[in-house]
Amino acid sequence: SQTIHQWPATLVQPVGSPLSLECTVEGTSNPNLYWYRQAAGRGLQLLFYSVGIGQISSEVPQNLSASRPQDRQFILSSKKLLLSDSGFYLCAWSPKDTQYFGPGTRLTVL
Amino acid sequence: KQEVTQIPAALSVPEGENLVLNCSFTDSAIYNLQWFRQDPGKGLTSLLLIQSSQREQTSGRLNASLDKSSGRSTLYIAASQPGDSATYLCAVFADYKLSFGAGTTVTVRA
């Protein structure tokens, strides 16, 4: 069966520091991969999606970037975090017509 | 751009009462519609998926309807229990992406 992992589960970072969140999927190949952010009291916002290695689409302009170095690995990064980057980050993978979500990373930028 | 709206934003009911959660979307060209549950600080759990050609789906006490032409879906939860307390998210799938509503936060009082 397929599983999706995210780490770390919780992260507290100072403003201006770098960020790297990792997502990996097991039990499938060539999945579509997604990064979402959920800010406090708000809905989920799609940040990036990828349909293959090295193929990244950005949905909104922002301080973040994404990379897909391997088929089942999706990384969310920032060179300098802003206060507004705080939130709950969810990774998801899609086999065809639905999406399965990871457990999420709670990021607090102070 | 797809806009998904959920009404009400919050709902508090006594145990045993039926719940009705509403979702509307602006672009009817969708592949499917999903209802998710999110517990505080946790990831998303898929509850029901309705294909665009279907009118409804049922799972236990949950029933979801879809009227694609009018851009509406309703999630019914029968005989609510305190364990049903959570945030319920509606999302439409199109162009490889999910567009989410902001959610309805449900509290079931014992």
# chains A, B, ... in the order shown; residues from 1 in each chain; ligands from 1

call {"tool": "closest_atom_pairs", "arguments": {"of": "chain A", "to": "chain B", "cutoff": "9 Å", "atoms": "only C-alpha atoms", "output": "JSON lines"}}
result
{"residue": "A:Asn32", "atom": "CA", "partner": "B:Tyr96", "partner_atom": "CA", "distance": 8.1}
{"residue": "A:Tyr34", "atom": "CA", "partner": "B:Lys97", "partner_atom": "CA", "distance": 8.6}
{"residue": "A:Gly41", "atom": "CA", "partner": "B:Ala102", "partner_atom": "CA", "distance": 8.2}
{"residue": "A:Arg42", "atom": "CA", "partner": "B:Ala102", "partner_atom": "CA", "distance": 5.8}
{"residue": "A:Gly43", "atom": "CA", "partner": "B:Ala102", "partner_atom": "CA", "distance": 3.9}
{"residue": "A:Leu44", "atom": "CA", "partner": "B:Phe100", "partner_atom": "CA", "distance": 6.0}
{"residue": "A:Gln45", "atom": "CA", "partner": "B:Phe100", "partner_atom": "CA", "distance": 7.5}
{"residue": "A:Leu46", "atom": "CA", "partner": "B:Ser99", "partner_atom": "CA", "distance": 7.7}
{"residue": "A:Tyr49", "atom": "CA", "partner": "B:Lys97", "partner_atom": "CA", "distance": 8.2}
{"residue": "A:Val51", "atom": "CA", "partner": "B:Tyr96", "partner_atom": "CA", "distance": 8.9}
{"residue": "A:Phe88", "atom": "CA", "partner": "B:Gly41", "partner_atom": "CA", "distance": 8.0}
{"residue": "A:Leu90", "atom": "CA", "partner": "B:Gly43", "partner_atom": "CA", "distance": 7.1}
{"residue": "A:Ser94", "atom": "CA", "partner": "B:Tyr96", "partner_atom": "CA", "distance": 8.3}
{"residue": "A:Lys96", "atom": "CA", "partner": "B:Tyr96", "partner_atom": "CA", "distance": 8.1}
{"residue": "A:Asp97", "atom": "CA", "partner": "B:Phe93", "partner_atom": "CA", "distance": 7.2}
{"residue": "A:Thr98", "atom": "CA", "partner": "B:Phe93", "partner_atom": "CA", "distance": 7.4}
{"residue": "A:Gln99", "atom": "CA", "partner": "B:Leu98", "partner_atom": "CA", "distance": 8.0}
{"residue": "A:Tyr100", "atom": "CA", "partner": "B:Ser46", "partner_atom": "CA", "distance": 7.7}
{"residue": "A:Phe101", "atom": "CA", "partner": "B:Leu44", "partner_atom": "CA", "distance": 6.0}
{"residue": "A:Gly102", "atom": "CA", "partner": "B:Gly43", "partner_atom": "CA", "distance": 6.3}
{"residue": "A:Pro103", "atom": "CA", "partner": "B:Gly43", "partner_atom": "CA", "distance": 4.6}
{"residue": "A:Gly104", "atom": "CA", "partner": "B:Gly43", "partner_atom": "CA", "distance": 5.7}
{"residue": "A:Arg106", "atom": "CA", "partner": "B:Gly41", "partner_atom": "CA", "distance": 7.8}

call {"tool": "write_last_selection", "arguments": {"atoms": "N, CA and C atoms", "output": "mmCIF file, in the first residue's frame"}}
result
data_model
loop_
_atom_site.group_PDB
_atom_site.id
_atom_site.type_symbol
_atom_site.label_atom_id
_atom_site.label_comp_id
_atom_site.auth_asym_id
_atom_site.auth_seq_id
_atom_site.Cartn_x
_atom_site.Cartn_y
_atom_site.Cartn_z
ATOM 1 N N ASN A 32 1.729 12.350 -9.050
ATOM 2 C CA ASN A 32 1.669 13.809 -8.986
ATOM 3 C C ASN A 32 1.830 14.195 -7.514
ATOM 4 N N TYR A 34 2.108 17.418 -4.461
ATOM 5 C CA TYR A 34 1.567 18.741 -4.175
ATOM 6 C C TYR A 34 2.063 19.243 -2.818
ATOM 7 N N GLY A 41 -6.787 29.765 10.644
ATOM 8 C CA GLY A 41 -8.134 30.237 10.360
ATOM 9 C C GLY A 41 -8.480 30.363 8.885
ATOM 10 N N ARG A 42 -7.632 29.803 8.037
ATOM 11 C CA ARG A 42 -7.880 29.918 6.596
ATOM 12 C C ARG A 42 -7.898 28.546 5.951
ATOM 13 N N GLY A 43 -8.355 28.507 4.719
ATOM 14 C CA GLY A 43 -8.427 27.245 3.989
ATOM 15 C C GLY A 43 -7.077 26.831 3.444
ATOM 16 N N LEU A 44 -7.060 25.705 2.770
ATOM 17 C CA LEU A 44 -5.828 25.208 2.176
ATOM 18 C C LEU A 44 -5.531 25.918 0.868
ATOM 19 N N GLN A 45 -4.305 26.339 0.730
ATOM 20 C CA GLN A 45 -3.872 27.018 -0.484
ATOM 21 C C GLN A 45 -2.820 26.163 -1.184
ATOM 22 N N LEU A 46 -3.051 25.858 -2.451
ATOM 23 C CA LEU A 46 -2.068 25.103 -3.220
ATOM 24 C C LEU A 46 -0.872 25.988 -3.523
ATOM 25 N N TYR A 49 2.819 22.170 -7.453
ATOM 26 C CA TYR A 49 2.550 20.793 -7.807
ATOM 27 C C TYR A 49 3.546 20.340 -8.856
ATOM 28 N N VAL A 51 4.288 17.083 -11.752
ATOM 29 C CA VAL A 51 3.822 15.892 -12.466
ATOM 30 C C VAL A 51 4.980 14.974 -12.831
ATOM 31 N N PHE A 88 0.536 25.581 8.530
ATOM 32 C CA PHE A 88 0.536 24.123 8.509
ATOM 33 C C PHE A 88 0.743 23.707 7.059
ATOM 34 N N LEU A 90 1.104 20.909 4.161
ATOM 35 C CA LEU A 90 0.676 19.553 3.837
ATOM 36 C C LEU A 90 1.198 19.154 2.464
ATOM 37 N N SER A 94 -1.123 12.144 -5.768
ATOM 38 C CA SER A 94 -2.343 11.860 -6.506
ATOM 39 C C SER A 94 -2.114 10.741 -7.499
ATOM 40 N N LYS A 96 -4.698 9.546 -9.553
ATOM 41 C CA LYS A 96 -5.468 9.880 -10.751
ATOM 42 C C LYS A 96 -6.473 10.980 -10.431
ATOM 43 N N ASP A 97 -7.496 10.639 -9.682
ATOM 44 C CA ASP A 97 -8.594 11.583 -9.505
ATOM 45 C C ASP A 97 -8.856 11.931 -8.052
ATOM 46 N N THR A 98 -7.900 11.636 -7.181
ATOM 47 C CA THR A 98 -8.051 12.036 -5.793
ATOM 48 C C THR A 98 -6.661 12.347 -5.244
ATOM 49 N N GLN A 99 -6.607 12.823 -4.032
ATOM 50 C CA GLN A 99 -5.318 13.120 -3.413
ATOM 51 C C GLN A 99 -5.281 12.543 -2.007
ATOM 52 N N TYR A 100 -4.114 12.065 -1.632
ATOM 53 C CA TYR A 100 -3.882 11.534 -0.299
ATOM 54 C C TYR A 100 -2.854 12.425 0.387
ATOM 55 N N PHE A 101 -3.168 12.788 1.624
ATOM 56 C CA PHE A 101 -2.374 13.787 2.311
ATOM 57 C C PHE A 101 -1.462 13.175 3.359
ATOM 58 N N GLY A 102 -0.311 13.816 3.539
ATOM 59 C CA GLY A 102 0.595 13.454 4.601
ATOM 60 C C GLY A 102 0.127 14.037 5.928
ATOM 61 N N PRO A 103 0.863 13.764 7.010
ATOM 62 C CA PRO A 103 0.456 14.215 8.344
ATOM 63 C C PRO A 103 0.695 15.700 8.585
ATOM 64 N N GLY A 104 1.488 16.351 7.747
ATOM 65 C CA GLY A 104 1.677 17.791 7.864
ATOM 66 C C GLY A 104 2.864 18.204 8.717
ATOM 67 N N ARG A 106 3.909 21.569 11.108
ATOM 68 C CA ARG A 106 3.504 22.840 11.710
ATOM 69 C C ARG A 106 4.735 23.729 11.793
#

call {"tool": "residues_around", "arguments": {"residues": "range 25-27 of chain A", "least_positions_apart": "5", "cutoff": "8 Å", "atoms": "only C-alpha atoms", "output": "PyMOL selection string"}}
result
chain A and resi 1-5+72-73+93

call {"tool": "atom_distance", "arguments": {"atom1": "CA of Ala39 in chain A", "atom2": "CA of Val13 in chain B"}}
result
26.3 Å

call {"tool": "closest_residue", "arguments": {"among": "A:Ala40, A:Ile56, A:Leu11, A:Leu19", "to": "Phe74 in chain A", "atoms": "only C-alpha atoms"}}
result
A:Ile56

call {"tool": "closest_residue", "arguments": {"among": "A:Gly52, A:Thr105, A:Gln62, A:Gln38", "to": "Ala9 in chain A", "atoms": "only C-alpha atoms"}}
result
A:Thr105

call {"tool": "select_by_dssp", "arguments": {"residues": "chain B", "states": "strand (DSSP E)", "output": "PyMOL selection string"}}
result
chain B and resi 4-7+10-14+19-25+32-38+44-51+56-59+62-67+72-77+86-94+97-100+104-109

call {"tool": "atom_distance", "arguments": {"atom1": "CA of Ser86 in chain A", "atom2": "CA of Arg68 in chain A"}}
result
22.4 Å

call {"tool": "residues_around", "arguments": {"residues": "Phe25 in chain B", "least_positions_apart": "3", "cutoff": "8 Å", "atoms": "only C-alpha atoms", "output": "list in words"}}
result
Gln2, Glu3, Val4, Thr5, Ser28, Gly71, Arg72 and Val92 of chain B

call {"tool": "residues_around", "arguments": {"residues": "Leu81 in chain A", "least_positions_apart": "4", "cutoff": "7 Å", "atoms": "only C-alpha atoms", "output": "count of residues only"}}
result
6

call {"tool": "atom_distance", "arguments": {"atom1": "CA of Ala64 in chain B", "atom2": "CA of Thr107 in chain B"}}
result
19.2 Å

call {"tool": "residues_around", "arguments": {"residues": "Leu66 in chain B", "least_positions_apart": "3", "cutoff": "6 Å", "atoms": "only C-alpha atoms", "output": "VMD selection string"}}
result
chain B and resid 55 to 56 73

call {"tool": "residues_around", "arguments": {"residues": "Gly60 in chain B", "least_positions_apart": "5", "cutoff": "12 Å", "atoms": "only C-alpha atoms", "output": "list in words"}}
result
Leu47, Leu48, Tyr76, Ile77, Ala78, Ala79 and Ser80 of chain B

call {"tool": "residues_around", "arguments": {"residues": "Asn22 in chain B", "least_positions_apart": "6", "cutoff": "6 Å", "atoms": "only C-alpha atoms", "output": "list of chain:residue names"}}
result
B:Gln6, B:Ile7, B:Thr74

call {"tool": "write_last_selection", "arguments": {"atoms": "C-alpha atoms", "output": "short mmCIF file (atom, residue, chain, number, x, y, z; two decimals), in the first residue's frame"}}
result
data_model
loop_
_atom_site.label_atom_id
_atom_site.label_comp_id
_atom_site.auth_asym_id
_atom_site.auth_seq_id
_atom_site.Cartn_x
_atom_site.Cartn_y
_atom_site.Cartn_z
CA GLN B 6 -18.56 26.61 2.49
CA ILE B 7 -21.49 27.65 4.63
CA THR B 74 -24.22 19.02 0.53
#
